[in-house]
Amino acid sequence: MNRAERRGVIGVVLAFLVLLAMSAYRRDTLTRFPADPVLPYVTYATYVLLVSVWLASIRLRVTQQSMRRFIMAEGMLMFCGVTVRFVQDTVLSGDILLKRESGYLLMIPLVLLPLLGWYAALGLGQPDDYRTNPRWLSLAIPALILVALILTDGHHHLIFEPPASDAKPDLLFHPNVGAYLIAAWYTLFILLRLAWMIACSRRLGAPHRGEVLPFVVSACMFAVTIPYFSISFAPVLDLVEFFARIFFAEAMVWESCAVAGIAPVNTGYEDVLHRSTIALQIFDEDGNRYIGSADAPTILKHELAYLIRHGTLDTDDGCELHSKRIKGGWCVWQEDHSAIKAAAGELGRKNEALTQRGTLLAQELRARSNEERVRSQSAIYDMVAREVGVQLEQLNDLLHRVELLYAGDPPEGPCSDREALLLDEIRDLGSLVKRHCMARLVELGEVGAGEGG
């Protein structure tokens, strides 16, 4: 049992103790001071307070709208019941006839409370958009018939037998056939609700106590109600009034479902907050921490003030704190970006290393490309040299002859015909070698076409 469930049990125990104290005060006052004018107001205020606190808790805890709607309707019916009882003790205290007539109204909860409880129980384990089947809603027709019989019992006396003396009516309600029919109706829907809750408990995989606890409470609800039919609903000074027992037992049914884990209730999400991986925390208006998860960091006052103003706060360990305004305070949660920042840093280092490696590879590729180009050019030049090898040998011979011819001092004056012929032959042969080499280089793409001249 978690802390929220323990608080629920403590609340039920406190409500029961308040009810017992109020009933003991009422019993003692009626015994010693029957005409005490304060007693009805204190009793009514206590009943209204108990019902209001229970309805407020239902509104906050019951998360499913279909269930909450019917349970809140039960609460409204309880308000009507305690108001009727208050009117009886104040306005109608001296009129036995009107007090008896108004006493029929206190039988209506025996018809409507189990029906509303059955409608609410149908929503157990259902999705939020669940709507009660119209087939079940048709049960309101016999319920309204029973209510009509209760309100008109003074004419037909199907619910209670007529008073022994019409001239002097009393407050004894002797059950007739209709009263036992209402008792059967009440018992039927208690058993239906119990069977449905047990089925839901098994379907949802609740522990064994989930079946036992609502069963015990429902059995107690039955036990404190049916015996009144055997004593003609006499206004004896019992410890707790009849209608108060009915209302408290009905509330106990739903509280037992909440404690047993059958009814979907909001327990404050303390377990969720405690185990939250986003380090969720809730602060009040004064900056005091109300609740938070186990791994939530400690936030100083000035840090919280900065966080409230700016919405985010970076921490030294690579996390980010975020804040959101909620009713009555602030919600603060943590986003751990340390792993992302570490991964980004690692990616940055790897990117730098890859960039350096890419630069080295580019330089190596350029060097290899230059080397390959030089080799290719050398191969081309060697090929071209082989193609003009004969002409180059002839050119070497001609140059050697010129060297022999001018072994001594070069002659002065114009060249002889032999010298001119030798020089023309060298010029023609050199031009031939040059044109052939340039044509081959242009053809192989080593020289542009415009450079071949």
# chains A, B, ... in the order shown; residues from 1 in each chain; ligands from 1
call {"tool": "residues_around", "arguments": {"residues": "segment 31-46 of chain A", "least_positions_apart": "2", "cutoff": "9 Å", "atoms": "only C-alpha atoms", "output": "VMD selection string"}}
result
chain A and resid 18 to 19 22 to 23 25 to 29 48 to 51 82 to 83 85 to 87 89 to 90 237
call {"tool": "write_last_selection", "arguments": {"atoms": "N, CA and C atoms", "output": "JSON list (two decimals), in the first residue's frame"}}
result
[["chain", "number", "residue", "atom", "x", "y", "z"],
["A", 18, "VAL", "N", -15.59, 10.62, 13.00],
["A", 18, "VAL", "CA", -16.41, 11.83, 13.09],
["A", 18, "VAL", "C", -17.89, 11.46, 13.11],
["A", 19, "LEU", "N", -18.26, 10.48, 12.26],
["A", 19, "LEU", "CA", -19.65, 10.04, 12.23],
["A", 19, "LEU", "C", -20.07, 9.43, 13.56],
["A", 22, "MET", "N", -20.38, 12.26, 16.10],
["A", 22, "MET", "CA", -21.61, 13.02, 15.87],
["A", 22, "MET", "C", -22.83, 12.24, 16.33],
["A", 23, "SER", "N", -22.85, 10.95, 16.03],
["A", 23, "SER", "CA", -23.99, 10.13, 16.42],
["A", 23, "SER", "C", -24.06, 9.97, 17.93],
["A", 25, "TYR", "N", -22.96, 12.17, 20.10],
["A", 25, "TYR", "CA", -23.44, 13.47, 20.59],
["A", 25, "TYR", "C", -24.95, 13.59, 20.40],
["A", 26, "ARG", "N", -25.42, 13.16, 19.24],
["A", 26, "ARG", "CA", -26.87, 13.23, 18.97],
["A", 26, "ARG", "C", -27.63, 12.34, 19.95],
["A", 27, "ARG", "N", -27.15, 11.13, 20.15],
["A", 27, "ARG", "CA", -27.86, 10.21, 21.06],
["A", 27, "ARG", "C", -27.88, 10.74, 22.49],
["A", 28, "ASP", "N", -26.76, 11.27, 22.93],
["A", 28, "ASP", "CA", -26.69, 11.79, 24.30],
["A", 28, "ASP", "C", -27.59, 13.01, 24.46],
["A", 29, "THR", "N", -27.60, 13.88, 23.43],
["A", 29, "THR", "CA", -28.42, 15.08, 23.51],
["A", 29, "THR", "C", -29.90, 14.74, 23.52],
["A", 48, "VAL", "N", -23.25, 17.31, 6.01],
["A", 48, "VAL", "CA", -22.91, 18.05, 4.78],
["A", 48, "VAL", "C", -21.40, 18.13, 4.60],
["A", 49, "LEU", "N", -20.68, 18.36, 5.69],
["A", 49, "LEU", "CA", -19.22, 18.43, 5.60],
["A", 49, "LEU", "C", -18.63, 17.10, 5.15],
["A", 50, "LEU", "N", -19.11, 16.00, 5.71],
["A", 50, "LEU", "CA", -18.58, 14.68, 5.33],
["A", 50, "LEU", "C", -18.86, 14.38, 3.86],
["A", 51, "VAL", "N", -20.09, 14.64, 3.42],
["A", 51, "VAL", "CA", -20.43, 14.37, 2.02],
["A", 51, "VAL", "C", -19.65, 15.29, 1.09],
["A", 82, "VAL", "N", -29.82, 14.13, 3.51],
["A", 82, "VAL", "CA", -29.52, 14.81, 4.78],
["A", 82, "VAL", "C", -30.34, 16.09, 4.91],
["A", 83, "THR", "N", -30.68, 16.73, 3.78],
["A", 83, "THR", "CA", -31.51, 17.93, 3.85],
["A", 83, "THR", "C", -32.93, 17.59, 4.29],
["A", 85, "ARG", "N", -33.73, 15.09, 6.16],
["A", 85, "ARG", "CA", -33.64, 14.79, 7.59],
["A", 85, "ARG", "C", -33.55, 16.07, 8.42],
["A", 86, "PHE", "N", -32.83, 17.07, 7.90],
["A", 86, "PHE", "CA", -32.71, 18.35, 8.60],
["A", 86, "PHE", "C", -34.06, 19.05, 8.68],
["A", 87, "VAL", "N", -34.81, 19.03, 7.58],
["A", 87, "VAL", "CA", -36.13, 19.67, 7.58],
["A", 87, "VAL", "C", -37.06, 18.97, 8.56],
["A", 89, "ASP", "N", -36.22, 17.55, 11.34],
["A", 89, "ASP", "CA", -35.84, 17.87, 12.73],
["A", 89, "ASP", "C", -36.04, 19.33, 13.08],
["A", 90, "THR", "N", -36.26, 20.18, 12.09],
["A", 90, "THR", "CA", -36.41, 21.62, 12.38],
["A", 90, "THR", "C", -37.82, 22.10, 12.04],
["A", 237, "LEU", "N", -32.93, 5.16, 19.24],
["A", 237, "LEU", "CA", -31.68, 5.90, 19.41],
["A", 237, "LEU", "C", -30.50, 4.98, 19.12]]
call {"tool": "residues_around", "arguments": {"residues": "Phe160 of chain A", "least_positions_apart": "5", "cutoff": "7 Å", "atoms": "only C-alpha atoms", "output": "ChimeraX atom specification"}}
result
/A:173-176,179
call {"tool": "residues_around", "arguments": {"residues": "segment 146-149 of chain A", "least_positions_apart": "4", "cutoff": "8 Å", "atoms": "only C-alpha atoms", "output": "list in words"}}
result
Ile108, Val111, Pro142, Asp153, Leu158, Ile159 and Ile182 of chain A
call {"tool": "closest_residue", "arguments": {"among": "A:Pro297, A:Leu392, A:Ala339, A:Asp397", "to": "Ser431 of chain A", "atoms": "only C-alpha atoms"}}
result
A:Leu392
call {"tool": "closest_atom_pairs", "arguments": {"of": "segment 32-73 of chain A", "to": "segment 241-259 of chain A", "cutoff": "12 Å", "atoms": "only C-alpha atoms", "output": "tab-separated table"}}
result
residue	atom	partner	partner_atom	distance
A:Thr43	CA	A:Ala244	CA	10.8
A:Tyr44	CA	A:Ala244	CA	11.0
A:Thr46	CA	A:Ala244	CA	11.0
A:Tyr47	CA	A:Ala244	CA	8.1
A:Val48	CA	A:Ala244	CA	11.0
A:Leu50	CA	A:Phe248	CA	9.2
A:Val51	CA	A:Phe247	CA	8.7
A:Ser52	CA	A:Ala251	CA	11.8
A:Val53	CA	A:Ala251	CA	11.3
A:Trp54	CA	A:Ala251	CA	7.8
A:Leu55	CA	A:Ala251	CA	9.5
A:Ser57	CA	A:Glu255	CA	10.3
A:Ile58	CA	A:Trp254	CA	9.3
A:Arg61	CA	A:Ala258	CA	9.1
A:Val62	CA	A:Ala258	CA	8.9
A:Thr63	CA	A:Ala258	CA	11.4
A:Met67	CA	A:Trp254	CA	10.5
A:Arg68	CA	A:Trp254	CA	10.9
A:Phe70	CA	A:Trp254	CA	11.7
A:Ile71	CA	A:Trp254	CA	8.7
A:Met72	CA	A:Ala251	CA	10.9
call {"tool": "write_last_selection", "arguments": {"atoms": "C-alpha atoms", "output": "PDB file, in the first residue's frame"}}
result
ATOM      1  CA  THR A  43     -25.935  17.241  12.795  1.00  0.00           C
ATOM      2  CA  TYR A  44     -26.776  18.681   9.385  1.00  0.00           C
ATOM      3  CA  THR A  46     -21.522  17.493  10.047  1.00  0.00           C
ATOM      4  CA  TYR A  47     -23.289  15.362   7.447  1.00  0.00           C
ATOM      5  CA  VAL A  48     -22.913  18.048   4.775  1.00  0.00           C
ATOM      6  CA  LEU A  50     -18.583  14.684   5.330  1.00  0.00           C
ATOM      7  CA  VAL A  51     -20.434  14.371   2.021  1.00  0.00           C
ATOM      8  CA  SER A  52     -18.741  17.502   0.617  1.00  0.00           C
ATOM      9  CA  VAL A  53     -15.255  16.298   1.520  1.00  0.00           C
ATOM     10  CA  TRP A  54     -15.979  12.898  -0.030  1.00  0.00           C
ATOM     11  CA  LEU A  55     -17.354  14.408  -3.240  1.00  0.00           C
ATOM     12  CA  SER A  57     -12.023  13.799  -3.187  1.00  0.00           C
ATOM     13  CA  ILE A  58     -14.032  11.894  -5.806  1.00  0.00           C
ATOM     14  CA  ARG A  61      -9.297  11.242  -7.697  1.00  0.00           C
ATOM     15  CA  VAL A  62     -11.711   9.489 -10.058  1.00  0.00           C
ATOM     16  CA  THR A  63     -10.224   9.956 -13.516  1.00  0.00           C
ATOM     17  CA  MET A  67     -17.763   6.763 -13.293  1.00  0.00           C
ATOM     18  CA  ARG A  68     -17.297  10.203 -11.775  1.00  0.00           C
ATOM     19  CA  PHE A  70     -22.647   8.665 -11.519  1.00  0.00           C
ATOM     20  CA  ILE A  71     -20.734   8.810  -8.228  1.00  0.00           C
ATOM     21  CA  MET A  72     -21.257  12.573  -8.092  1.00  0.00           C
TER      22      MET A  72
END
